[in-house]
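What follows is target14.cif (mmCIF, C-alpha atoms).
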data_upload
#
loop_
_atom_site.label_atom_id
_atom_site.label_comp_id
_atom_site.auth_asym_id
_atom_site.auth_seq_id
_atom_site.Cartn_x
_atom_site.Cartn_y
_atom_site.Cartn_z
CA MET Y 1 -26.54 5.03 -16.19
CA ARG Y 2 -30.05 3.71 -16.02
CA PHE Y 3 -29.28 0.07 -15.31
CA LEU Y 4 -27.58 1.06 -12.08
CA LYS Y 5 -30.82 2.40 -10.62
CA LYS Y 6 -31.92 -1.20 -10.17
CA SER Y 7 -30.52 -3.65 -7.63
CA ILE Y 8 -26.77 -4.06 -8.00
CA TRP Y 9 -25.59 -7.60 -7.52
CA VAL Y 10 -21.95 -7.66 -6.58
CA PHE Y 11 -19.19 -10.20 -6.75
CA HIS Y 12 -16.37 -9.74 -4.29
CA LEU Y 13 -13.00 -10.14 -6.01
CA ASN Y 14 -9.88 -10.26 -3.87
CA SER Y 15 -6.67 -9.71 -5.83
CA GLY Y 16 -4.15 -10.11 -3.03
CA SER Y 17 -5.68 -7.83 -0.44
CA CYS Y 18 -4.67 -7.96 3.23
CA ASN Y 19 -8.27 -8.89 4.15
CA GLY Y 20 -8.95 -5.53 5.80
CA CYS Y 21 -11.22 -4.34 3.02
CA ASP Y 22 -12.74 -7.82 2.65
CA ILE Y 23 -13.83 -7.77 6.29
CA GLU Y 24 -15.46 -4.39 5.66
CA VAL Y 25 -17.32 -5.79 2.65
CA VAL Y 26 -18.78 -8.45 4.95
CA ASP Y 27 -19.49 -5.72 7.50
CA VAL Y 28 -21.57 -3.78 4.98
CA LEU Y 29 -23.83 -6.80 4.52
CA THR Y 30 -24.56 -7.28 8.23
CA PRO Y 31 -27.91 -6.01 9.58
CA TYR Y 32 -26.09 -3.09 11.20
CA PHE Y 33 -25.17 -1.36 7.92
CA ASP Y 34 -27.37 -3.50 5.69
CA ALA Y 35 -26.43 -2.76 2.10
CA GLU Y 36 -29.45 -4.84 1.04
CA ARG Y 37 -31.48 -1.69 1.68
CA PHE Y 38 -30.12 -0.59 -1.71
CA GLY Y 39 -30.64 -3.98 -3.31
CA VAL Y 40 -26.99 -4.96 -3.05
CA LYS Y 41 -26.57 -8.70 -2.91
CA LEU Y 42 -23.35 -10.68 -2.76
CA VAL Y 43 -23.41 -13.38 -5.43
CA ALA Y 44 -21.21 -16.43 -5.74
CA SER Y 45 -20.24 -16.11 -9.40
CA PRO Y 46 -19.11 -13.16 -11.52
CA ARG Y 47 -21.57 -14.37 -14.18
CA HIS Y 48 -24.45 -13.29 -11.94
CA ALA Y 49 -22.92 -9.95 -10.99
CA ASP Y 50 -23.45 -6.37 -12.18
CA ALA Y 51 -20.45 -5.05 -10.31
CA LEU Y 52 -17.14 -6.30 -9.00
CA LEU Y 53 -16.20 -5.21 -5.51
CA PHE Y 54 -12.51 -5.15 -6.20
CA THR Y 55 -9.97 -5.25 -3.35
CA GLY Y 56 -6.20 -5.61 -3.37
CA PRO Y 57 -3.31 -4.24 -5.43
CA VAL Y 58 -3.50 -7.01 -8.11
CA THR Y 59 -0.57 -9.32 -7.47
CA LEU Y 60 1.12 -10.81 -10.52
CA GLU Y 61 -0.08 -14.28 -9.44
CA SER Y 62 -3.72 -13.14 -9.35
CA LEU Y 63 -3.64 -11.07 -12.54
CA PRO Y 64 -4.75 -13.80 -15.03
CA LYS Y 65 -7.54 -14.89 -12.66
CA VAL Y 66 -8.66 -11.29 -12.21
CA VAL Y 67 -8.80 -10.80 -15.99
CA ASN Y 68 -10.85 -14.00 -16.33
CA ALA Y 69 -13.25 -12.85 -13.62
CA VAL Y 70 -13.71 -9.43 -15.21
CA LYS Y 71 -14.33 -11.10 -18.58
CA ALA Y 72 -16.98 -13.31 -16.98
CA VAL Y 73 -19.09 -10.38 -15.78
CA PRO Y 74 -21.83 -9.68 -18.33
CA ARG Y 75 -22.00 -6.24 -19.98
CA PRO Y 76 -22.63 -3.56 -18.83
CA ARG Y 77 -20.06 -4.26 -16.15
CA ILE Y 78 -18.77 -1.95 -13.47
CA VAL Y 79 -15.77 -2.22 -11.20
CA VAL Y 80 -15.79 -0.70 -7.72
CA ALA Y 81 -12.21 -0.38 -6.50
CA LEU Y 82 -12.27 -0.61 -2.70
CA GLY Y 83 -9.38 0.56 -0.56
CA SER Y 84 -6.13 2.37 -1.22
CA CYS Y 85 -4.52 -0.77 -2.67
CA ALA Y 86 -7.14 -1.19 -5.36
CA VAL Y 87 -7.36 2.51 -6.18
CA GLY Y 88 -3.71 3.47 -6.47
CA GLY Y 89 -1.65 0.51 -5.33
CA GLY Y 90 -1.49 1.69 -1.71
CA ILE Y 91 1.82 1.05 -0.01
CA TRP Y 92 2.49 -1.65 -2.61
CA HIS Y 93 2.33 0.72 -5.57
CA ASP Y 94 5.97 0.18 -6.60
CA THR Y 95 6.72 -3.34 -5.38
CA TYR Y 96 7.93 -6.03 -7.76
CA SER Y 97 5.04 -8.44 -7.20
CA THR Y 98 2.04 -6.20 -7.77
CA ILE Y 99 0.94 -4.19 -10.78
CA GLY Y 100 -0.40 -1.35 -8.62
CA GLY Y 101 -4.14 -1.21 -8.56
CA VAL Y 102 -7.05 -0.81 -10.93
CA LYS Y 103 -5.45 1.96 -12.99
CA GLU Y 104 -2.78 -0.41 -14.32
CA LEU Y 105 -5.30 -3.24 -14.57
CA LEU Y 106 -7.53 -1.13 -16.81
CA LYS Y 107 -4.60 -0.61 -19.21
CA ILE Y 108 -4.06 -4.38 -19.38
CA LEU Y 109 -7.79 -5.01 -19.90
CA ASP Y 110 -7.82 -2.35 -22.61
CA LYS Y 111 -5.02 -4.15 -24.46
CA GLN Y 112 -7.00 -7.40 -24.32
CA GLY Y 113 -10.15 -5.69 -25.60
CA VAL Y 114 -12.12 -6.12 -22.38
CA VAL Y 115 -14.46 -3.16 -21.86
CA VAL Y 116 -15.28 -1.91 -18.37
CA ASP Y 117 -18.28 0.39 -18.56
CA ALA Y 118 -17.75 2.29 -15.34
CA VAL Y 119 -15.10 2.37 -12.64
CA TYR Y 120 -15.73 3.77 -9.18
CA TYR Y 121 -12.87 4.55 -6.81
CA VAL Y 122 -13.33 4.29 -3.04
CA PRO Y 123 -10.14 5.20 -1.13
CA GLY Y 124 -9.61 4.25 2.50
CA CYS Y 125 -7.21 1.99 4.37
CA PRO Y 126 -9.26 -0.02 5.02
CA VAL Y 127 -12.47 1.43 3.59
CA ARG Y 128 -15.09 2.18 6.19
CA PRO Y 129 -18.38 0.34 5.71
CA GLU Y 130 -19.98 3.76 5.40
CA SER Y 131 -17.55 4.60 2.58
CA ILE Y 132 -18.80 1.58 0.68
CA ILE Y 133 -22.42 2.56 1.34
CA HIS Y 134 -21.57 6.08 0.19
CA ALA Y 135 -20.11 4.63 -3.01
CA ILE Y 136 -23.22 2.52 -3.60
CA ALA Y 137 -25.44 5.55 -2.98
CA LEU Y 138 -23.25 7.53 -5.40
CA ILE Y 139 -23.63 4.84 -8.07
CA LYS Y 140 -27.41 4.97 -7.60
CA GLY Y 141 -27.39 8.77 -7.64
CA LEU Y 142 -28.67 9.21 -4.07
CA VAL Y 143 -25.78 11.37 -2.81
CA LYS Y 144 -23.37 13.87 -4.33
CA LYS Y 145 -19.63 13.54 -4.70
CA ARG Y 146 -17.61 14.97 -1.81
CA VAL Y 147 -14.19 15.11 -3.52
CA GLY Y 148 -12.89 16.88 -6.57
CA ARG Y 149 -13.83 20.12 -8.26
CA GLU Y 150 -17.49 19.30 -8.81
CA ALA Y 151 -18.00 18.78 -5.06
CA SER Y 152 -19.65 21.39 -2.81
CA MET R 1 -47.37 -31.84 12.39
CA ALA R 2 -45.33 -31.48 15.54
CA ARG R 3 -42.45 -30.21 13.43
CA VAL R 4 -44.63 -27.52 11.81
CA LYS R 5 -45.88 -26.50 15.24
CA SER R 6 -42.37 -26.15 16.65
CA ARG R 7 -41.32 -24.13 13.61
CA VAL R 8 -44.21 -21.71 14.02
CA LEU R 9 -43.45 -21.40 17.72
CA GLY R 10 -39.79 -20.76 16.93
CA PHE R 11 -40.71 -18.04 14.47
CA LEU R 12 -43.00 -16.41 17.00
CA ARG R 13 -40.20 -16.47 19.57
CA ILE R 14 -37.84 -14.76 17.09
CA LEU R 15 -40.51 -12.12 16.43
CA GLY R 16 -40.60 -11.46 20.17
CA ILE R 17 -36.81 -11.06 20.34
CA ALA R 18 -36.80 -8.83 17.28
CA GLY R 19 -39.53 -6.67 18.79
CA ARG R 20 -37.64 -6.25 22.05
CA THR R 21 -34.32 -5.43 20.28
CA GLY R 22 -35.87 -2.90 17.92
CA ARG R 23 -34.23 -1.58 14.75
CA VAL R 24 -30.42 -1.81 14.72
CA THR R 25 -29.77 -0.82 11.09
CA ARG R 26 -28.12 2.56 10.58
CA LYS R 27 -29.87 4.84 8.10
CA TYR R 28 -26.43 6.02 7.04
CA PRO R 29 -26.62 8.08 3.87
CA TYR R 30 -29.62 9.82 5.44
CA GLU R 31 -28.12 10.33 8.90
CA PRO R 32 -24.68 11.43 10.18
CA PRO R 33 -21.98 8.73 10.02
CA LEU R 34 -20.57 6.98 13.07
CA VAL R 35 -17.22 8.76 13.16
CA THR R 36 -15.62 9.97 16.37
CA SER R 37 -13.18 12.87 16.58
CA ASP R 38 -10.31 10.33 16.81
CA PHE R 39 -11.00 8.97 13.36
CA ARG R 40 -8.25 9.61 10.85
CA GLY R 41 -9.51 10.64 7.47
CA LYS R 42 -8.41 12.72 4.53
CA ILE R 43 -5.82 15.44 5.11
CA GLU R 44 -6.23 19.04 4.03
CA PHE R 45 -3.59 21.54 2.98
CA ASP R 46 -3.43 25.18 3.91
CA SER R 47 -1.71 26.42 0.77
CA GLU R 48 -1.03 29.80 2.45
CA LYS R 49 0.94 28.21 5.28
CA CYS R 50 2.73 25.46 3.29
CA ILE R 51 6.39 26.28 2.62
CA GLY R 52 7.12 23.35 0.31
CA CYS R 53 9.94 21.90 2.43
CA GLY R 54 9.01 18.30 1.60
CA ALA R 55 9.10 16.95 5.16
CA CYS R 56 5.71 15.30 4.64
CA VAL R 57 6.97 13.69 1.42
CA LEU R 58 9.88 12.10 3.29
CA VAL R 59 7.73 10.51 5.99
CA CYS R 60 4.85 9.40 3.76
CA PRO R 61 5.00 5.58 3.86
CA SER R 62 2.95 5.06 0.71
CA ASN R 63 4.30 7.98 -1.39
CA ALA R 64 0.83 9.48 -1.54
CA LEU R 65 2.57 12.83 -1.17
CA GLU R 66 5.05 13.62 -3.89
CA ILE R 67 7.07 16.72 -4.61
CA MET R 68 8.14 17.51 -8.16
CA GLU R 69 9.34 20.33 -10.36
CA ARG R 70 7.11 21.46 -13.17
CA GLY R 71 7.87 24.46 -15.35
CA GLY R 72 10.24 26.08 -12.85
CA ARG R 73 7.78 25.72 -9.99
CA VAL R 74 7.64 23.24 -7.15
CA VAL R 75 4.46 21.18 -6.99
CA LEU R 76 3.39 19.20 -3.93
CA ARG R 77 0.91 16.56 -5.06
CA TYR R 78 -1.41 14.56 -2.81
CA PHE R 79 -2.99 11.42 -4.25
CA ILE R 80 -5.84 10.38 -1.94
CA GLY R 81 -6.12 7.04 -3.70
CA ARG R 82 -2.78 5.93 -2.26
CA CYS R 83 -3.03 7.56 1.17
CA ILE R 84 -3.30 5.21 4.14
CA PHE R 85 -4.46 7.96 6.49
CA CYS R 86 -1.65 7.54 9.05
CA TRP R 87 -1.33 11.31 9.57
CA ARG R 88 2.45 11.19 9.93
CA CYS R 89 2.56 14.25 7.66
CA VAL R 90 0.30 16.10 10.11
CA ASP R 91 2.77 15.36 12.93
CA VAL R 92 5.88 16.28 10.98
CA CYS R 93 4.77 19.51 9.25
CA PRO R 94 6.91 22.35 10.72
CA VAL R 95 4.33 25.07 9.99
CA GLU R 96 1.16 23.08 10.71
CA ALA R 97 -0.07 23.56 7.16
CA ILE R 98 -1.55 20.04 7.04
CA ARG R 99 -4.73 19.47 8.96
CA GLY R 100 -6.27 16.07 9.52
CA THR R 101 -9.99 15.77 8.98
CA THR R 102 -12.49 12.99 9.56
CA GLY R 103 -13.53 13.04 5.91
CA PHE R 104 -13.93 9.54 4.53
CA GLU R 105 -16.65 9.91 1.87
CA LEU R 106 -14.16 9.86 -0.98
CA ALA R 107 -15.97 7.73 -3.55
CA THR R 108 -15.70 9.05 -7.09
CA ASP R 109 -15.94 7.89 -10.67
CA ASN R 110 -13.17 10.16 -11.90
CA PRO R 111 -9.61 9.40 -10.73
CA ASN R 112 -8.59 13.02 -11.33
CA ASP R 113 -10.77 14.02 -8.37
CA LEU R 114 -8.34 12.19 -6.10
CA TYR R 115 -5.40 14.51 -6.79
CA GLU R 116 -4.71 17.72 -4.90
CA GLU R 117 -1.88 20.09 -5.63
CA VAL R 118 -0.06 22.92 -3.91
CA VAL R 119 2.10 25.00 -6.26
CA HIS R 120 5.07 27.03 -5.04
CA ASP R 121 7.24 29.68 -6.69
CA THR R 122 10.97 29.03 -6.49
CA VAL R 123 13.99 31.21 -5.73
CA GLY R 124 16.73 31.14 -8.37
CA CYS R 125 20.38 30.61 -7.43
CA SER R 126 22.31 33.89 -7.58
CA GLU R 127 25.19 32.19 -9.45
CA CYS R 128 23.64 29.72 -11.90
CA GLY R 129 20.00 30.85 -11.82
CA ARG R 130 18.57 27.38 -11.16
CA GLY R 131 15.48 27.36 -8.93
CA PHE R 132 16.28 25.24 -5.90
CA MET R 133 14.01 26.27 -3.00
CA THR R 134 10.61 27.82 -2.61
CA VAL R 135 10.15 31.48 -1.75
CA LYS R 136 8.30 30.63 1.44
CA GLN R 137 10.93 28.11 2.51
CA LYS R 138 13.63 30.78 2.20
CA ASP R 139 11.62 33.18 4.36
CA TYR R 140 11.07 30.42 6.91
CA VAL R 141 14.78 29.56 7.13
CA LEU R 142 15.79 33.21 7.40
CA GLY R 143 13.27 33.67 10.20
CA LYS R 144 14.83 30.76 12.10
CA SER R 145 18.50 31.67 11.69
CA SER R 146 20.27 34.82 10.50
CA VAL R 147 23.64 33.04 10.06
CA VAL R 148 22.61 31.53 6.73
CA GLU R 149 21.99 34.91 5.08
CA ASN R 150 25.32 35.01 3.23
CA TYR R 151 24.87 31.72 1.39
CA ILE R 152 21.08 31.26 1.24
CA ASP R 153 20.91 32.46 -2.37
CA LEU R 154 23.26 29.71 -3.60
CA ASP R 155 22.02 26.31 -4.64
CA PRO R 156 23.79 23.28 -3.10
CA GLY R 157 26.03 22.75 -6.15
CA CYS R 158 27.25 26.34 -6.28
CA ARG R 159 27.65 26.36 -2.51
CA ARG R 160 29.95 23.34 -2.69
CA ARG R 161 31.96 24.81 -5.56
CA LYS R 162 32.41 28.14 -3.77
CA PHE R 163 33.51 26.38 -0.60
CA LEU R 164 36.09 24.35 -2.51
CA GLU R 165 37.34 27.49 -4.28
CA ALA R 166 37.75 29.20 -0.89
CA ILE R 167 39.83 26.27 0.39
CA GLU R 168 41.91 26.37 -2.76
CA ARG R 169 42.64 30.07 -2.29
CA ARG R 170 43.56 29.51 1.34
CA PHE R 171 45.81 26.48 0.97
CA GLY R 172 46.84 26.64 -2.69
CA GLY R 173 47.03 23.41 -4.66
CA GLY R 174 44.54 22.22 -7.22
CA GLU R 175 46.82 21.91 -10.24
#
Go through the file and emit its structure as structure tokens.
Amino acid sequence: MRFLKKSIWVFHLNSGSCNGCDIEVVDVLTPYFDAERFGVKLVASPRHADALLFTGPVTLESLPKVVNAVKAVPRPRIVVALGSCAVGGGIWHDTYSTIGGVKELLKILDKQGVVVDAVYYVPGCPVRPESIIHAIALIKGLVKKRVGREAS
Amino acid sequence: MARVKSRVLGFLRILGIAGRTGRVTRKYPYEPPLVTSDFRGKIEFDSEKCIGCGACVLVCPSNALEIMERGGRVVLRYFIGRCIFCWRCVDVCPVEAIRGTTGFELATDNPNDLYEEVVHDTVGCSECGRGFMTVKQKDYVLGKSSVVENYIDLDPGCRRRKFLEAIERRFGGGE
């Protein structure tokens, strides 16, 4: 996607995460890893963002707020699911109070007619800062995928 | 004026500190990552060694490893997107078929990339024909103990029924 070659402004959305992944998001923005090399900037409102850095397994309490935040991101919008919780529900995948990650969230968004143009999955518990940088580089087409059939 | 002067001086001092410290930023996608050999990353299966016993499935705290039957075969499925990289499966595997790696670059845009599968053929029960254990698991058990040879071909249901029938023959009863 061509728009992704430009600077990606991200909004960090926590949907009931344990704060492990959130700390790593902050870590990525420190001078040590410095995601601003790729033009990544943390913005304060989803209305300014190109991408959502999405952490947490989506608790039932946070679900309506998450849907509102996703709706507020202007098209084309992308969601970057960070951490095992966001990708597949993690150890909370079958608990009563979470819906189990982005996969279930996408179904709910689909029902409400909210389009998400691209979803990127970044497993890890918590994600390493380098994993997040790898994901950003993948979005911008700088590196190749390392998992799946197309890899290697 | 004095304020401007102190600001300029402060900036010059910071430049000095920055010059002494040098560059701290990692060049990461263009240089090797900062992982040590202790780092726990993605696990890898040796599908030749795996016997499909399901020990890893029992210990997996997040059910990232699941075992299921599909079309008469046993499938061991690994979903990286749920794995918490605790490596308990690596510790518990009786045949050391699971190897821990330091791989962490798992970002993808296709969720199907996050699934890995090991498929096993099953042995049918000699009485009812239902597949109940994998071929490799049978070989493994026979290699460990020769005592089980006379009932290894029976699935647990048939085994129980035969045992009860034997008791019935011995002690009578069972109207």
For chain R, work out the contacting residues on chain Y at 6 Å, counting only C-alpha atoms, and write them as a compact mmCIF listing (two decimals) with C-alpha atoms, in the coordinates of the input.
# COMPACT_ATOMS: atom_id res chain seq x y z
CA PRO Y 31 -27.91 -6.01 9.58
CA TYR Y 32 -26.09 -3.09 11.20
CA PHE Y 33 -25.17 -1.36 7.92
CA SER Y 84 -6.13 2.37 -1.22
CA VAL Y 87 -7.36 2.51 -6.18
CA GLY Y 88 -3.71 3.47 -6.47
CA GLY Y 90 -1.49 1.69 -1.71
CA ILE Y 91 1.82 1.05 -0.01
CA VAL Y 119 -15.10 2.37 -12.64
CA TYR Y 120 -15.73 3.77 -9.18
CA TYR Y 121 -12.87 4.55 -6.81
CA VAL Y 122 -13.33 4.29 -3.04
CA PRO Y 123 -10.14 5.20 -1.13
CA CYS Y 125 -7.21 1.99 4.37
CA SER Y 131 -17.55 4.60 2.58
CA ALA Y 135 -20.11 4.63 -3.01
CA VAL Y 147 -14.19 15.11 -3.52
CA GLY Y 148 -12.89 16.88 -6.57
* Asked: What is the atom CA of Tyr96 of chain Y-atom CA of Lys65 of chain Y distance in Å, reported with one decimal?
  ->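 Going from atom CA of Tyr96 of chain Y over to atom CA of Lys65 of chain Y covers 18.5 Å.
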* To do: Find the residues with any atom within 10 Å of (-29.4, -4.4, -4.3); use all atoms listed in the file and the coordinates as given in the file, and write the answer as a ChimeraX atom specification.
  => /Y:4-10,35-42,136
* For the file shown, report as a PyMOL selection string the outcome of the PyMOL selection byres ((chain Y and resi 27) around 12) at residue level. => (chain Y and resi 20-26+28-36+126-133) or (chain R and resi 25)
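Proximity ranking of Y:Gly141, Y:Gly101, Y:Pro46, Y:Gly124 relative to Val73 of chain Y places Y:Pro46 first, based on all atoms listed in the file.
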